[in-house]
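See below for the structure under consideration.
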Amino acid sequence: MRIPIFAALFALFLTASSTQADTLRPPETGYSATRIVTAGDQEISGKIFSQGLMERWEMTMQGMRQISILRFDEGTGYIYMPDMNMAMKMNIADAASYGSGTLHSSVEAKETGTEIIEGEETTRYLVPPSEENGHTETTVWITEDGIPIKMEGSSAEGRFSMALKDLERGEQDPSLFRLPAGVAPMEMPAGMPGMMQGGMPGMPR
């Protein structure tokens with residue numbers, strides 16, 4: 001299981017029916033929030049914007065601003081470094097290895113209860129280990145309108161968690177999910193995603 005030091009997390013489930021084996025899907029509700037990701041003794045925090053199958057996560061790592069833009073609707077992802085005015089493009093298979101891809105498709109889970117998280121009424125689901133999710137066991141708390149507000153899990157590499165703070169619902173500006181005008185992304189070299197990952201053990205792929 002892997003995460004890059006600059007990319008987006010495993011996100012986006014949708015509401016599910018109350019059957020024993022529920023199918024979780026990406027939310028249709030647009031929102032912004034502060035996303036806090038913890039794995040082992042390390043933490044990444046930054047602003048996230050989400051709309052359908054589009055996601056943007058802004059953060060600062062080692063003094064450098066880094067933005068990941070994931071377009072699962074187009075099968076493309078970008079890593080943009082505004083301080084260098086440089087971007088790299090990756091296909092969605094590589095984007096999935098950055099921790100978001102498998103949960104942008106339907107995921108089977110089991111409802112295990114309800115809970116108030118960050119003032120939000122949520123349903124708690126258990127996502128069992130599978131080859132698709134990197135053999136992690138994950139618990140996710142989802143709001144009525146499908147926003148994954150909290151997630152916890154464990155793997156052979158350690159424990160991980162995600163939490164959303166300061167959640168605001170609403171339609172997001174489409175320009176957030178595009179590179180700035182004049183920025184021509186480079187193709188990410190073969191093998192580079194693996195080289196850039198690491199540093200936060202225990203995160204699902």
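As shown in the structure tokens, the chain order sets the letters A, B, ...; within each chain, residues go from 1, and ligands are also counted from 1 in the order they appear.
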
Which residues of region 57-168 of chain A sit at most 12 Å from region 40-53 of chain A, using only C-alpha atoms? Give each one's shortest atom pair and distance in Å (one decimal place), in chain and ascending residue order, as JSON lines.
```
{"residue": "A:Trp57", "atom": "CA", "partner": "A:Ile48", "partner_atom": "CA", "distance": 4.4}
{"residue": "A:Glu58", "atom": "CA", "partner": "A:Lys47", "partner_atom": "CA", "distance": 5.2}
{"residue": "A:Met59", "atom": "CA", "partner": "A:Gly46", "partner_atom": "CA", "distance": 4.5}
{"residue": "A:Thr60", "atom": "CA", "partner": "A:Gly46", "partner_atom": "CA", "distance": 7.5}
{"residue": "A:Met61", "atom": "CA", "partner": "A:Ile44", "partner_atom": "CA", "distance": 8.2}
{"residue": "A:Gln62", "atom": "CA", "partner": "A:Ile44", "partner_atom": "CA", "distance": 11.0}
{"residue": "A:Arg65", "atom": "CA", "partner": "A:Gly46", "partner_atom": "CA", "distance": 10.2}
{"residue": "A:Gln66", "atom": "CA", "partner": "A:Gly46", "partner_atom": "CA", "distance": 9.8}
{"residue": "A:Ile67", "atom": "CA", "partner": "A:Gly46", "partner_atom": "CA", "distance": 9.4}
{"residue": "A:Ser68", "atom": "CA", "partner": "A:Ile48", "partner_atom": "CA", "distance": 9.6}
{"residue": "A:Ile69", "atom": "CA", "partner": "A:Phe49", "partner_atom": "CA", "distance": 9.5}
{"residue": "A:Leu70", "atom": "CA", "partner": "A:Leu53", "partner_atom": "CA", "distance": 8.0}
{"residue": "A:Arg71", "atom": "CA", "partner": "A:Leu53", "partner_atom": "CA", "distance": 6.3}
{"residue": "A:Phe72", "atom": "CA", "partner": "A:Leu53", "partner_atom": "CA", "distance": 5.2}
{"residue": "A:Asp73", "atom": "CA", "partner": "A:Leu53", "partner_atom": "CA", "distance": 5.5}
{"residue": "A:Glu74", "atom": "CA", "partner": "A:Leu53", "partner_atom": "CA", "distance": 8.8}
{"residue": "A:Gly75", "atom": "CA", "partner": "A:Leu53", "partner_atom": "CA", "distance": 9.9}
{"residue": "A:Thr76", "atom": "CA", "partner": "A:Leu53", "partner_atom": "CA", "distance": 10.9}
{"residue": "A:Gly77", "atom": "CA", "partner": "A:Leu53", "partner_atom": "CA", "distance": 11.4}
{"residue": "A:Ile92", "atom": "CA", "partner": "A:Leu53", "partner_atom": "CA", "distance": 11.8}
{"residue": "A:Ser100", "atom": "CA", "partner": "A:Leu53", "partner_atom": "CA", "distance": 10.6}
{"residue": "A:Gly101", "atom": "CA", "partner": "A:Leu53", "partner_atom": "CA", "distance": 10.2}
{"residue": "A:Leu103", "atom": "CA", "partner": "A:Leu53", "partner_atom": "CA", "distance": 10.6}
{"residue": "A:His104", "atom": "CA", "partner": "A:Leu53", "partner_atom": "CA", "distance": 7.1}
{"residue": "A:Ser105", "atom": "CA", "partner": "A:Leu53", "partner_atom": "CA", "distance": 9.6}
{"residue": "A:Gly146", "atom": "CA", "partner": "A:Gly52", "partner_atom": "CA", "distance": 10.8}
{"residue": "A:Ile147", "atom": "CA", "partner": "A:Ser50", "partner_atom": "CA", "distance": 9.7}
{"residue": "A:Pro148", "atom": "CA", "partner": "A:Ser50", "partner_atom": "CA", "distance": 11.2}
{"residue": "A:Ile149", "atom": "CA", "partner": "A:Ile48", "partner_atom": "CA", "distance": 11.9}
{"residue": "A:Gly153", "atom": "CA", "partner": "A:Gly40", "partner_atom": "CA", "distance": 11.4}
{"residue": "A:Ser154", "atom": "CA", "partner": "A:Gly40", "partner_atom": "CA", "distance": 10.2}
{"residue": "A:Ser155", "atom": "CA", "partner": "A:Gly40", "partner_atom": "CA", "distance": 11.2}
{"residue": "A:Ala156", "atom": "CA", "partner": "A:Gly40", "partner_atom": "CA", "distance": 11.9}
{"residue": "A:Glu157", "atom": "CA", "partner": "A:Gly40", "partner_atom": "CA", "distance": 8.8}
{"residue": "A:Gly158", "atom": "CA", "partner": "A:Gly40", "partner_atom": "CA", "distance": 6.4}
{"residue": "A:Arg159", "atom": "CA", "partner": "A:Gly40", "partner_atom": "CA", "distance": 6.2}
{"residue": "A:Phe160", "atom": "CA", "partner": "A:Gly40", "partner_atom": "CA", "distance": 6.6}
{"residue": "A:Ser161", "atom": "CA", "partner": "A:Gly40", "partner_atom": "CA", "distance": 9.3}
{"residue": "A:Met162", "atom": "CA", "partner": "A:Ile44", "partner_atom": "CA", "distance": 9.6}
{"residue": "A:Ala163", "atom": "CA", "partner": "A:Ser45", "partner_atom": "CA", "distance": 9.5}
{"residue": "A:Leu164", "atom": "CA", "partner": "A:Ile48", "partner_atom": "CA", "distance": 8.9}
{"residue": "A:Lys165", "atom": "CA", "partner": "A:Lys47", "partner_atom": "CA", "distance": 9.5}
{"residue": "A:Asp166", "atom": "CA", "partner": "A:Lys47", "partner_atom": "CA", "distance": 9.8}
{"residue": "A:Leu167", "atom": "CA", "partner": "A:Ile48", "partner_atom": "CA", "distance": 9.7}
{"residue": "A:Glu168", "atom": "CA", "partner": "A:Phe49", "partner_atom": "CA", "distance": 9.7}
```

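Residues surrounding Lys89 (chain A) within 6 Å are Gly77, Tyr78, Pro185, Met186, Glu187 and Met188 of chain A [only C-alpha atoms; sequence separation below 5 positions excluded].
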
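Scanning region 21-98 of chain A with DSSP on the backbone, the alpha helix (DSSP H) assignments fall on Ile92, Ala93, Asp94, Ala95, Ala96 and Ser97 of chain A.
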
Atoms to include: N, CA and C atoms. Write the selected residues as a JSON list (two decimals), in the first residue's frame.
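Here's the written file selection-v3.json:
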```
[["chain", "number", "residue", "atom", "x", "y", "z"],
["A", 92, "ILE", "N", -4.85, 7.14, -15.29],
["A", 92, "ILE", "CA", -5.67, 6.89, -14.11],
["A", 92, "ILE", "C", -5.21, 5.65, -13.36],
["A", 93, "ALA", "N", -4.53, 4.72, -14.04],
["A", 93, "ALA", "CA", -3.99, 3.56, -13.33],
["A", 93, "ALA", "C", -2.92, 3.99, -12.34],
["A", 94, "ASP", "N", -2.06, 4.93, -12.76],
["A", 94, "ASP", "CA", -1.07, 5.46, -11.84],
["A", 94, "ASP", "C", -1.73, 6.30, -10.76],
["A", 95, "ALA", "N", -2.76, 7.07, -11.13],
["A", 95, "ALA", "CA", -3.48, 7.87, -10.15],
["A", 95, "ALA", "C", -4.09, 6.98, -9.08],
["A", 96, "ALA", "N", -4.58, 5.81, -9.49],
["A", 96, "ALA", "CA", -5.16, 4.87, -8.52],
["A", 96, "ALA", "C", -4.12, 4.44, -7.50],
["A", 97, "SER", "N", -2.88, 4.26, -7.95],
["A", 97, "SER", "CA", -1.83, 3.86, -7.01],
["A", 97, "SER", "C", -1.48, 4.99, -6.06]]
```

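Reported to one decimal place, the separation of CA of Gly30 (chain A) from CA of Glu171 (chain A) is 5.0 Å.
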
Legend entry - Atom-to-atom span, CA of Pro26 (chain A) and CA of Ala109 (chain A), Å: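 Computed distance, CA of Pro26 (chain A) to CA of Ala109 (chain A), equals 13.4 Å.
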
Inset, instruction - Give me every strand (DSSP E) residue in region 20-159 of chain A, going by DSSP on the backbone, as a ChimeraX atom specification. - result: /A:22-24,31-39,42-51,54-61,64-71,76-81,86-91,107-117,120-127,137-143,148-155,158-159

Inset, instruction - Could you give me, as a PyMOL selection string, the residues within 6 Å of Thr123 (chain A), counting only C-alpha atoms and dropping anything in the same chain fewer than 6 positions from it? - result: chain A and resi 113-114+141-142

Residue subset to file, keeping all heavy atoms, as a PDB file, in the first residue's frame:
```
ATOM      1  N   GLY A 113     -23.422   0.511  11.683  1.00  0.00           N
ATOM      2  CA  GLY A 113     -24.006   1.377  12.683  1.00  0.00           C
ATOM      3  C   GLY A 113     -24.072   2.822  12.225  1.00  0.00           C
ATOM      4  O   GLY A 113     -23.773   3.149  11.081  1.00  0.00           O
ATOM      5  N   THR A 114     -24.480   3.693  13.141  1.00  0.00           N
ATOM      6  CA  THR A 114     -24.543   5.128  12.858  1.00  0.00           C
ATOM      7  C   THR A 114     -23.773   5.867  13.940  1.00  0.00           C
ATOM      8  O   THR A 114     -23.584   5.364  15.056  1.00  0.00           O
ATOM      9  CB  THR A 114     -25.997   5.627  12.817  1.00  0.00           C
ATOM     10  OG1 THR A 114     -26.625   5.364  14.069  1.00  0.00           O
ATOM     11  CG2 THR A 114     -26.770   4.933  11.699  1.00  0.00           C
ATOM     12  N   TRP A 141     -16.905   6.408   7.493  1.00  0.00           N
ATOM     13  CA  TRP A 141     -18.109   7.070   7.995  1.00  0.00           C
ATOM     14  C   TRP A 141     -18.619   7.999   6.904  1.00  0.00           C
ATOM     15  O   TRP A 141     -17.898   8.908   6.466  1.00  0.00           O
ATOM     16  CB  TRP A 141     -17.797   7.863   9.250  1.00  0.00           C
ATOM     17  CG  TRP A 141     -17.545   7.038  10.476  1.00  0.00           C
ATOM     18  CD1 TRP A 141     -18.404   6.815  11.513  1.00  0.00           C
ATOM     19  CD2 TRP A 141     -16.330   6.356  10.832  1.00  0.00           C
ATOM     20  NE1 TRP A 141     -17.815   6.036  12.478  1.00  0.00           N
ATOM     21  CE2 TRP A 141     -16.539   5.739  12.082  1.00  0.00           C
ATOM     22  CE3 TRP A 141     -15.084   6.202  10.199  1.00  0.00           C
ATOM     23  CZ2 TRP A 141     -15.548   4.979  12.724  1.00  0.00           C
ATOM     24  CZ3 TRP A 141     -14.098   5.450  10.830  1.00  0.00           C
ATOM     25  CH2 TRP A 141     -14.336   4.860  12.073  1.00  0.00           C
ATOM     26  N   ILE A 142     -19.857   7.804   6.457  1.00  0.00           N
ATOM     27  CA  ILE A 142     -20.386   8.508   5.294  1.00  0.00           C
ATOM     28  C   ILE A 142     -21.640   9.278   5.676  1.00  0.00           C
ATOM     29  O   ILE A 142     -22.544   8.750   6.337  1.00  0.00           O
ATOM     30  CB  ILE A 142     -20.692   7.510   4.163  1.00  0.00           C
ATOM     31  CG1 ILE A 142     -19.425   6.748   3.781  1.00  0.00           C
ATOM     32  CG2 ILE A 142     -21.257   8.229   2.938  1.00  0.00           C
ATOM     33  CD1 ILE A 142     -19.637   5.704   2.709  1.00  0.00           C
TER      34      ILE A 142
END
```

Inset, instruction - Between A:Leu179, A:Pro27, A:Gly119, A:Gln172, single out the one closest to Pro82 (chain A), counting only C-alpha atoms. - result: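 Ranked by minimum distance to Pro82 (chain A), first place goes to A:Leu179.
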
Inset, instruction - Check the smallest atom-to-atom distance from each of A:Lys150, A:Pro128, A:Ala184, A:Asp145 to Glu115 (chain A) using only C-alpha atoms, then report the winner. - result: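 Under the stated criterion, the closest residue is A:Lys150.
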
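One finds CA of Ser32 (chain A) at 6.5 Å from CA of Arg169 (chain A).
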